[in-house]
Amino acid sequence: MNSSFFKHCAIALCFMLPVAQEAQADRIKDLASLAAVRTNQLVGYGIVVGLQGTGDGADVSFTVQTVRAMLNKMGVGLDGPLSDFERTAAAVGKIDVKNVAAVMVTAELPGMAKPGQRIDINVGTLGKASSLRGGTLIMTSLRGVDGEVYALAQGVVTTTGIDASAAGSKVAIGVPTSARVPNGATVERIVDTPFDKTEFVMLNVRESDFTTTTAIVAAVNKTFGSDVARALDGVSISLRAPLDMSQRVAFMSMVENLDVIPGEAAAKVVVNSRTGTVVISRNVKVTAAAVSHGTISVSIAATNEVSQPNAFSQGQTTPVQNANIAVNEPNKPMILFQPGVDLRQIVDAVNQVGASPSAMIAILEALKSSGSLRAELVVI
């Protein structure tokens, strides 16, 4: 393949010229990812200092232990002889660290990341700290699942949450106990990848779909030759790439920029019951059905009155509470769905009866239960 690589490259460049693209075509890089380029999760334990009295305090023992161990490593002999005051304070657990918080640090190590590159990190409190605003993360080792150190993190944390209280009133905006440090970690170790180990490289389609997989294989083979791409299943595609690394990189660059028409997604309705959000995909169909949705509203109004006794009756003033109860059942029209109606007709019909998002959720769930909804219903 190496001998004819540049010939195929010249052919591929013709396909990549800025000509009119076919409707609804997507690049392969937007539909699939290289199996060798995967992220790895990193985690570490550290402390944030410089807080304005919003740290863990004396009640969190592991924060005190961490501070003591850190100072010992820096030559501050806290394990040596203690004064009477220090001995008494240590005995009753009163080593207060209000300006320090114990935190967990997490990060995602990108595929093919090299030593010296910077990555973002997330910081979250472990103890009783109420805010990380204004704090600085002290150097923390970030380890992978194998226990090896892959990055070192340190820097000023950035939090958008605010938590303020005074005179019995409290205002909280966002989450002040969670923060980020942009470019807060330096990569220290390379994660081995199979990209340069074998003759073949693997592409994984992000959404399992046989139509999309077949379209990618056809586009690659049309450009580079009939034996370059081979589908292994509905997700994985094997590509025979040049062994020379510079040619392999150029080959993958051209592959990921090829345009293909992916298969249409499966019909799906996604419902968020907490926020009332409903998302209906374009391919949702409904068979013949009749839907009647109405709600009974009960209104109770209380009127407080005072009953005054008659003059010279020696009676007492008595409070009286009167309640007015009204039941209202709106007369909602029935929705009739003809066989094979599409998304627009469903939404229009539901909107015509003035249904709320919660009512639409109930209607969709009822249609699914009756077998009339030709789609997957996902409730989150």
# chains A, B, ... in the order shown; residues from 1 in each chain; ligands from 1
>>> residues_around(residues="Gly276 of chain A", least_positions_apart="3", cutoff="9 Å", atoms="only C-alpha atoms", output="list in words")
Val271, Asn272, Ser273, Ser356, Pro357, Ser358, Met360 and Ile361 of chain A
>>> residues_around(residues="Thr211 of chain A", least_positions_apart="4", cutoff="12 Å", atoms="only C-alpha atoms", output="PyMOL selection string")
chain A and resi 31+205+207+215-218+231+233-235+260-266
>>> write_last_selection(atoms="N, CA and C atoms", output="PDB file, in the first residue's frame")
ATOM      1  N   LEU A  31     -18.831  11.525  12.908  1.00  0.00           N
ATOM      2  CA  LEU A  31     -19.637  10.319  13.073  1.00  0.00           C
ATOM      3  C   LEU A  31     -18.897   9.202  13.784  1.00  0.00           C
ATOM      4  N   VAL A 205     -17.872   3.864  15.335  1.00  0.00           N
ATOM      5  CA  VAL A 205     -18.987   4.772  15.080  1.00  0.00           C
ATOM      6  C   VAL A 205     -19.619   5.147  16.416  1.00  0.00           C
ATOM      7  N   GLU A 207     -22.633   6.257  17.255  1.00  0.00           N
ATOM      8  CA  GLU A 207     -23.957   5.682  17.443  1.00  0.00           C
ATOM      9  C   GLU A 207     -24.052   4.419  16.605  1.00  0.00           C
ATOM     10  N   ALA A 215     -21.967   3.176   5.013  1.00  0.00           N
ATOM     11  CA  ALA A 215     -21.672   4.384   4.241  1.00  0.00           C
ATOM     12  C   ALA A 215     -20.217   4.809   4.425  1.00  0.00           C
ATOM     13  N   ILE A 216     -19.673   4.688   5.625  1.00  0.00           N
ATOM     14  CA  ILE A 216     -18.274   5.057   5.868  1.00  0.00           C
ATOM     15  C   ILE A 216     -17.337   4.122   5.114  1.00  0.00           C
ATOM     16  N   VAL A 217     -17.612   2.834   5.173  1.00  0.00           N
ATOM     17  CA  VAL A 217     -16.773   1.862   4.453  1.00  0.00           C
ATOM     18  C   VAL A 217     -16.800   2.140   2.961  1.00  0.00           C
ATOM     19  N   ALA A 218     -17.974   2.430   2.410  1.00  0.00           N
ATOM     20  CA  ALA A 218     -18.088   2.692   0.976  1.00  0.00           C
ATOM     21  C   ALA A 218     -17.326   3.958   0.595  1.00  0.00           C
ATOM     22  N   ALA A 231     -15.881  -3.431   7.437  1.00  0.00           N
ATOM     23  CA  ALA A 231     -16.745  -3.340   8.617  1.00  0.00           C
ATOM     24  C   ALA A 231     -16.666  -4.631   9.409  1.00  0.00           C
ATOM     25  N   ASP A 233     -18.508  -4.896  12.525  1.00  0.00           N
ATOM     26  CA  ASP A 233     -19.873  -5.011  13.042  1.00  0.00           C
ATOM     27  C   ASP A 233     -20.545  -3.658  12.855  1.00  0.00           C
ATOM     28  N   GLY A 234     -21.632  -3.425  13.584  1.00  0.00           N
ATOM     29  CA  GLY A 234     -22.351  -2.174  13.428  1.00  0.00           C
ATOM     30  C   GLY A 234     -21.642  -0.968  14.001  1.00  0.00           C
ATOM     31  N   VAL A 235     -20.533  -1.167  14.701  1.00  0.00           N
ATOM     32  CA  VAL A 235     -19.809  -0.072  15.336  1.00  0.00           C
ATOM     33  C   VAL A 235     -18.388   0.070  14.808  1.00  0.00           C
ATOM     34  N   VAL A 260     -19.946  11.662   4.253  1.00  0.00           N
ATOM     35  CA  VAL A 260     -20.854  10.530   4.047  1.00  0.00           C
ATOM     36  C   VAL A 260     -22.240  10.946   4.504  1.00  0.00           C
ATOM     37  N   ILE A 261     -23.234  10.232   4.012  1.00  0.00           N
ATOM     38  CA  ILE A 261     -24.615  10.459   4.446  1.00  0.00           C
ATOM     39  C   ILE A 261     -24.955   9.377   5.463  1.00  0.00           C
ATOM     40  N   PRO A 262     -25.074   9.726   6.746  1.00  0.00           N
ATOM     41  CA  PRO A 262     -25.332   8.706   7.768  1.00  0.00           C
ATOM     42  C   PRO A 262     -26.767   8.201   7.706  1.00  0.00           C
ATOM     43  N   GLY A 263     -26.986   7.059   8.317  1.00  0.00           N
ATOM     44  CA  GLY A 263     -28.339   6.526   8.418  1.00  0.00           C
ATOM     45  C   GLY A 263     -29.179   7.352   9.366  1.00  0.00           C
ATOM     46  N   GLU A 264     -30.477   7.368   9.131  1.00  0.00           N
ATOM     47  CA  GLU A 264     -31.366   8.128   9.993  1.00  0.00           C
ATOM     48  C   GLU A 264     -31.462   7.466  11.360  1.00  0.00           C
ATOM     49  N   ALA A 265     -31.511   8.282  12.383  1.00  0.00           N
ATOM     50  CA  ALA A 265     -31.586   7.776  13.749  1.00  0.00           C
ATOM     51  C   ALA A 265     -32.924   7.094  13.991  1.00  0.00           C
ATOM     52  N   ALA A 266     -32.930   6.157  14.929  1.00  0.00           N
ATOM     53  CA  ALA A 266     -34.164   5.465  15.282  1.00  0.00           C
ATOM     54  C   ALA A 266     -35.157   6.440  15.899  1.00  0.00           C
TER      55      ALA A 266
END
>>> atom_distance(atom1="atom CA of Gly184 of chain A", atom2="atom CA of Asn72 of chain A")
25.3 Å
>>> residues_around(residues="Gly50 of chain A", least_positions_apart="4", cutoff="12 Å", atoms="only C-alpha atoms", output="ChimeraX atom specification")
/A:54-55,97-101,131-138,155-157
>>> atom_distance(atom1="atom CA of Val105 of chain A", atom2="atom CA of Ile121 of chain A")
6.7 Å
>>> closest_residue(among="A:Asp209, A:Ser238, A:Val379, A:Leu373", to="Thr287 of chain A", atoms="only C-alpha atoms")
A:Leu373
>>> atom_distance(atom1="atom CA of Ile28 of chain A", atom2="atom CA of Glu376 of chain A")
26.5 Å
>>> closest_residue(among="A:Val145, A:Ala241, A:Ala25, A:Val187", to="Asn257 of chain A", atoms="only C-alpha atoms")
A:Ala25
>>> closest_residue(among="A:Ala250, A:Met245, A:Ile190, A:Ile173", to="Gly116 of chain A", atoms="only C-alpha atoms")
A:Ile190
>>> select_by_dssp(residues="segment 124-307 of chain A", states="strand (DSSP E or B)", output="PyMOL selection string")
chain A and resi 124-125+136-143+149-156+158+162-166+169-173+178-187+200-205+229-231+236-240+259-260+268-272+277-280+285-286+289-291+297-307
>>> residues_around(residues="Glu256 of chain A", least_positions_apart="2", cutoff="8 Å", atoms="only C-alpha atoms", output="number ranges by chain")
A: 27-29, 252-254, 258
>>> closest_residue(among="A:Glu148, A:Asp120, A:Asp259, A:Glu305", to="Arg189 of chain A", atoms="only C-alpha atoms")
A:Glu148
>>> residues_around(residues="Gln308 of chain A", least_positions_apart="5", cutoff="8 Å", atoms="only C-alpha atoms", output="list of chain:residue names")
A:Gln316, A:Thr317, A:Thr318
>>> write_last_selection(atoms="C-alpha atoms", output="compact mmCIF listing (two decimals), in the first residue's frame")
# COMPACT_ATOMS: atom_id res chain seq x y z
CA GLN A 316 -67.46 36.75 73.51
CA THR A 317 -66.00 37.67 70.18
CA THR A 318 -65.45 34.46 68.18
>>> select_by_dssp(residues="segment 117-328 of chain A", states="helix (DSSP H, G or I)", output="JSON, numbers by chain")
{"A": [194, 195, 196, 210, 211, 212, 213, 214, 215, 216, 217, 218, 219, 220, 221, 222, 223, 224, 245, 246, 247, 248, 249, 250, 251, 252, 253, 254, 255, 256]}
>>> closest_residue(among="A:Arg68, A:Lys128, A:Arg38, A:Arg374", to="Gly53 of chain A", atoms="only C-alpha atoms")
A:Lys128
>>> decode(residues="segment 172-220 of chain A", atoms="N, CA and C atoms", output="PDB file, in the first residue's frame")
ATOM      1  N   ALA A 172     -27.726  31.488  48.250  1.00  0.00           N
ATOM      2  CA  ALA A 172     -26.800  30.563  47.592  1.00  0.00           C
ATOM      3  C   ALA A 172     -27.052  30.598  46.095  1.00  0.00           C
ATOM      4  N   ILE A 173     -26.006  30.849  45.334  1.00  0.00           N
ATOM      5  CA  ILE A 173     -26.078  30.854  43.868  1.00  0.00           C
ATOM      6  C   ILE A 173     -25.031  29.884  43.353  1.00  0.00           C
ATOM      7  N   GLY A 174     -25.463  28.903  42.602  1.00  0.00           N
ATOM      8  CA  GLY A 174     -24.524  27.905  42.101  1.00  0.00           C
ATOM      9  C   GLY A 174     -24.056  26.981  43.220  1.00  0.00           C
ATOM     10  N   VAL A 175     -22.912  26.343  42.989  1.00  0.00           N
ATOM     11  CA  VAL A 175     -22.332  25.396  43.940  1.00  0.00           C
ATOM     12  C   VAL A 175     -20.932  25.877  44.290  1.00  0.00           C
ATOM     13  N   PRO A 176     -20.763  26.579  45.404  1.00  0.00           N
ATOM     14  CA  PRO A 176     -19.433  27.110  45.749  1.00  0.00           C
ATOM     15  C   PRO A 176     -18.443  26.068  46.225  1.00  0.00           C
ATOM     16  N   THR A 177     -18.898  24.837  46.468  1.00  0.00           N
ATOM     17  CA  THR A 177     -17.989  23.775  46.923  1.00  0.00           C
ATOM     18  C   THR A 177     -17.397  22.981  45.765  1.00  0.00           C
ATOM     19  N   SER A 178     -17.674  23.397  44.549  1.00  0.00           N
ATOM     20  CA  SER A 178     -17.113  22.748  43.365  1.00  0.00           C
ATOM     21  C   SER A 178     -16.462  23.811  42.496  1.00  0.00           C
ATOM     22  N   ALA A 179     -15.280  23.512  41.953  1.00  0.00           N
ATOM     23  CA  ALA A 179     -14.533  24.516  41.195  1.00  0.00           C
ATOM     24  C   ALA A 179     -13.744  23.852  40.078  1.00  0.00           C
ATOM     25  N   ARG A 180     -13.160  24.690  39.238  1.00  0.00           N
ATOM     26  CA  ARG A 180     -12.311  24.235  38.137  1.00  0.00           C
ATOM     27  C   ARG A 180     -11.012  25.013  38.132  1.00  0.00           C
ATOM     28  N   VAL A 181     -10.003  24.395  37.547  1.00  0.00           N
ATOM     29  CA  VAL A 181      -8.735  25.081  37.312  1.00  0.00           C
ATOM     30  C   VAL A 181      -8.395  24.877  35.835  1.00  0.00           C
ATOM     31  N   PRO A 182      -8.672  25.856  34.977  1.00  0.00           N
ATOM     32  CA  PRO A 182      -8.328  25.704  33.554  1.00  0.00           C
ATOM     33  C   PRO A 182      -6.818  25.537  33.385  1.00  0.00           C
ATOM     34  N   ASN A 183      -6.435  24.548  32.604  1.00  0.00           N
ATOM     35  CA  ASN A 183      -5.015  24.242  32.378  1.00  0.00           C
ATOM     36  C   ASN A 183      -4.273  24.080  33.709  1.00  0.00           C
ATOM     37  N   GLY A 184      -4.949  23.459  34.670  1.00  0.00           N
ATOM     38  CA  GLY A 184      -4.386  23.369  36.008  1.00  0.00           C
ATOM     39  C   GLY A 184      -3.477  22.188  36.250  1.00  0.00           C
ATOM     40  N   ALA A 185      -3.332  21.283  35.295  1.00  0.00           N
ATOM     41  CA  ALA A 185      -2.483  20.103  35.491  1.00  0.00           C
ATOM     42  C   ALA A 185      -1.529  19.955  34.314  1.00  0.00           C
ATOM     43  N   THR A 186      -0.333  19.462  34.609  1.00  0.00           N
ATOM     44  CA  THR A 186       0.687  19.207  33.598  1.00  0.00           C
ATOM     45  C   THR A 186       0.849  17.707  33.422  1.00  0.00           C
ATOM     46  N   VAL A 187       0.753  17.242  32.185  1.00  0.00           N
ATOM     47  CA  VAL A 187       0.904  15.815  31.897  1.00  0.00           C
ATOM     48  C   VAL A 187       2.348  15.399  32.134  1.00  0.00           C
ATOM     49  N   GLU A 188       2.530  14.270  32.825  1.00  0.00           N
ATOM     50  CA  GLU A 188       3.862  13.794  33.169  1.00  0.00           C
ATOM     51  C   GLU A 188       4.207  12.445  32.562  1.00  0.00           C
ATOM     52  N   ARG A 189       3.212  11.725  32.039  1.00  0.00           N
ATOM     53  CA  ARG A 189       3.454  10.372  31.538  1.00  0.00           C
ATOM     54  C   ARG A 189       2.614  10.121  30.294  1.00  0.00           C
ATOM     55  N   ILE A 190       3.156   9.372  29.351  1.00  0.00           N
ATOM     56  CA  ILE A 190       2.455   9.016  28.114  1.00  0.00           C
ATOM     57  C   ILE A 190       1.658   7.737  28.337  1.00  0.00           C
ATOM     58  N   VAL A 191       0.446   7.709  27.819  1.00  0.00           N
ATOM     59  CA  VAL A 191      -0.361   6.494  27.823  1.00  0.00           C
ATOM     60  C   VAL A 191      -0.154   5.793  26.481  1.00  0.00           C
ATOM     61  N   ASP A 192       0.287   4.547  26.537  1.00  0.00           N
ATOM     62  CA  ASP A 192       0.533   3.798  25.305  1.00  0.00           C
ATOM     63  C   ASP A 192      -0.756   3.606  24.528  1.00  0.00           C
ATOM     64  N   THR A 193      -0.685   3.787  23.200  1.00  0.00           N
ATOM     65  CA  THR A 193      -1.837   3.590  22.320  1.00  0.00           C
ATOM     66  C   THR A 193      -1.432   2.643  21.188  1.00  0.00           C
ATOM     67  N   PRO A 194      -2.395   1.910  20.636  1.00  0.00           N
ATOM     68  CA  PRO A 194      -2.077   0.980  19.543  1.00  0.00           C
ATOM     69  C   PRO A 194      -2.006   1.643  18.177  1.00  0.00           C
ATOM     70  N   PHE A 195      -2.018   2.987  18.133  1.00  0.00           N
ATOM     71  CA  PHE A 195      -2.075   3.672  16.840  1.00  0.00           C
ATOM     72  C   PHE A 195      -0.875   3.334  15.962  1.00  0.00           C
ATOM     73  N   ASP A 196       0.307   3.195  16.547  1.00  0.00           N
ATOM     74  CA  ASP A 196       1.514   2.946  15.755  1.00  0.00           C
ATOM     75  C   ASP A 196       2.055   1.542  15.955  1.00  0.00           C
ATOM     76  N   LYS A 197       1.205   0.637  16.477  1.00  0.00           N
ATOM     77  CA  LYS A 197       1.692  -0.704  16.790  1.00  0.00           C
ATOM     78  C   LYS A 197       1.344  -1.738  15.728  1.00  0.00           C
ATOM     79  N   THR A 198       0.238  -1.556  15.009  1.00  0.00           N
ATOM     80  CA  THR A 198      -0.230  -2.560  14.056  1.00  0.00           C
ATOM     81  C   THR A 198      -0.457  -1.929  12.687  1.00  0.00           C
ATOM     82  N   GLU A 199      -0.675  -2.797  11.702  1.00  0.00           N
ATOM     83  CA  GLU A 199      -0.930  -2.331  10.340  1.00  0.00           C
ATOM     84  C   GLU A 199      -2.317  -1.710  10.225  1.00  0.00           C
ATOM     85  N   PHE A 200      -3.243  -2.169  11.057  1.00  0.00           N
ATOM     86  CA  PHE A 200      -4.636  -1.715  10.957  1.00  0.00           C
ATOM     87  C   PHE A 200      -4.957  -0.742  12.094  1.00  0.00           C
ATOM     88  N   VAL A 201      -5.792   0.234  11.781  1.00  0.00           N
ATOM     89  CA  VAL A 201      -6.338   1.138  12.792  1.00  0.00           C
ATOM     90  C   VAL A 201      -7.845   0.942  12.828  1.00  0.00           C
ATOM     91  N   MET A 202      -8.438   1.224  13.979  1.00  0.00           N
ATOM     92  CA  MET A 202      -9.851   0.931  14.193  1.00  0.00           C
ATOM     93  C   MET A 202     -10.644   2.220  14.371  1.00  0.00           C
ATOM     94  N   LEU A 203     -11.743   2.324  13.639  1.00  0.00           N
ATOM     95  CA  LEU A 203     -12.704   3.416  13.806  1.00  0.00           C
ATOM     96  C   LEU A 203     -13.943   2.877  14.503  1.00  0.00           C
ATOM     97  N   ASN A 204     -14.461   3.613  15.472  1.00  0.00           N
ATOM     98  CA  ASN A 204     -15.688   3.246  16.169  1.00  0.00           C
ATOM     99  C   ASN A 204     -16.755   4.294  15.902  1.00  0.00           C
ATOM    100  N   VAL A 205     -17.872   3.864  15.335  1.00  0.00           N
ATOM    101  CA  VAL A 205     -18.987   4.772  15.080  1.00  0.00           C
ATOM    102  C   VAL A 205     -19.619   5.147  16.416  1.00  0.00           C
ATOM    103  N   ARG A 206     -19.880   6.433  16.621  1.00  0.00           N
ATOM    104  CA  ARG A 206     -20.378   6.900  17.915  1.00  0.00           C
ATOM    105  C   ARG A 206     -21.768   6.355  18.233  1.00  0.00           C
ATOM    106  N   GLU A 207     -22.633   6.257  17.255  1.00  0.00           N
ATOM    107  CA  GLU A 207     -23.957   5.682  17.443  1.00  0.00           C
ATOM    108  C   GLU A 207     -24.052   4.419  16.605  1.00  0.00           C
ATOM    109  N   SER A 208     -24.267   3.284  17.279  1.00  0.00           N
ATOM    110  CA  SER A 208     -24.321   2.010  16.570  1.00  0.00           C
ATOM    111  C   SER A 208     -25.401   2.037  15.492  1.00  0.00           C
ATOM    112  N   ASP A 209     -24.964   1.925  14.233  1.00  0.00           N
ATOM    113  CA  ASP A 209     -25.897   1.981  13.120  1.00  0.00           C
ATOM    114  C   ASP A 209     -25.243   1.303  11.919  1.00  0.00           C
ATOM    115  N   PHE A 210     -25.874   0.267  11.413  1.00  0.00           N
ATOM    116  CA  PHE A 210     -25.301  -0.473  10.285  1.00  0.00           C
ATOM    117  C   PHE A 210     -25.291   0.370   9.012  1.00  0.00           C
ATOM    118  N   THR A 211     -26.280   1.232   8.846  1.00  0.00           N
ATOM    119  CA  THR A 211     -26.324   2.069   7.647  1.00  0.00           C
ATOM    120  C   THR A 211     -25.165   3.054   7.625  1.00  0.00           C
ATOM    121  N   THR A 212     -24.903   3.691   8.761  1.00  0.00           N
ATOM    122  CA  THR A 212     -23.784   4.633   8.838  1.00  0.00           C
ATOM    123  C   THR A 212     -22.460   3.919   8.649  1.00  0.00           C
ATOM    124  N   THR A 213     -22.293   2.753   9.266  1.00  0.00           N
ATOM    125  CA  THR A 213     -21.057   1.986   9.115  1.00  0.00           C
ATOM    126  C   THR A 213     -20.820   1.617   7.661  1.00  0.00           C
ATOM    127  N   THR A 214     -21.862   1.164   6.974  1.00  0.00           N
ATOM    128  CA  THR A 214     -21.736   0.796   5.561  1.00  0.00           C
ATOM    129  C   THR A 214     -21.382   2.006   4.707  1.00  0.00           C
ATOM    130  N   ALA A 215     -21.967   3.176   5.013  1.00  0.00           N
ATOM    131  CA  ALA A 215     -21.672   4.384   4.241  1.00  0.00           C
ATOM    132  C   ALA A 215     -20.217   4.809   4.425  1.00  0.00           C
ATOM    133  N   ILE A 216     -19.673   4.688   5.625  1.00  0.00           N
ATOM    134  CA  ILE A 216     -18.274   5.057   5.868  1.00  0.00           C
ATOM    135  C   ILE A 216     -17.337   4.122   5.114  1.00  0.00           C
ATOM    136  N   VAL A 217     -17.612   2.834   5.173  1.00  0.00           N
ATOM    137  CA  VAL A 217     -16.773   1.862   4.453  1.00  0.00           C
ATOM    138  C   VAL A 217     -16.800   2.140   2.961  1.00  0.00           C
ATOM    139  N   ALA A 218     -17.974   2.430   2.410  1.00  0.00           N
ATOM    140  CA  ALA A 218     -18.088   2.692   0.976  1.00  0.00           C
ATOM    141  C   ALA A 218     -17.326   3.958   0.595  1.00  0.00           C
ATOM    142  N   ALA A 219     -17.400   5.006   1.423  1.00  0.00           N
ATOM    143  CA  ALA A 219     -16.708   6.259   1.107  1.00  0.00           C
ATOM    144  C   ALA A 219     -15.192   6.083   1.143  1.00  0.00           C
ATOM    145  N   VAL A 220     -14.687   5.357   2.132  1.00  0.00           N
ATOM    146  CA  VAL A 220     -13.231   5.147   2.235  1.00  0.00           C
ATOM    147  C   VAL A 220     -12.734   4.293   1.080  1.00  0.00           C
TER     148      VAL A 220
END
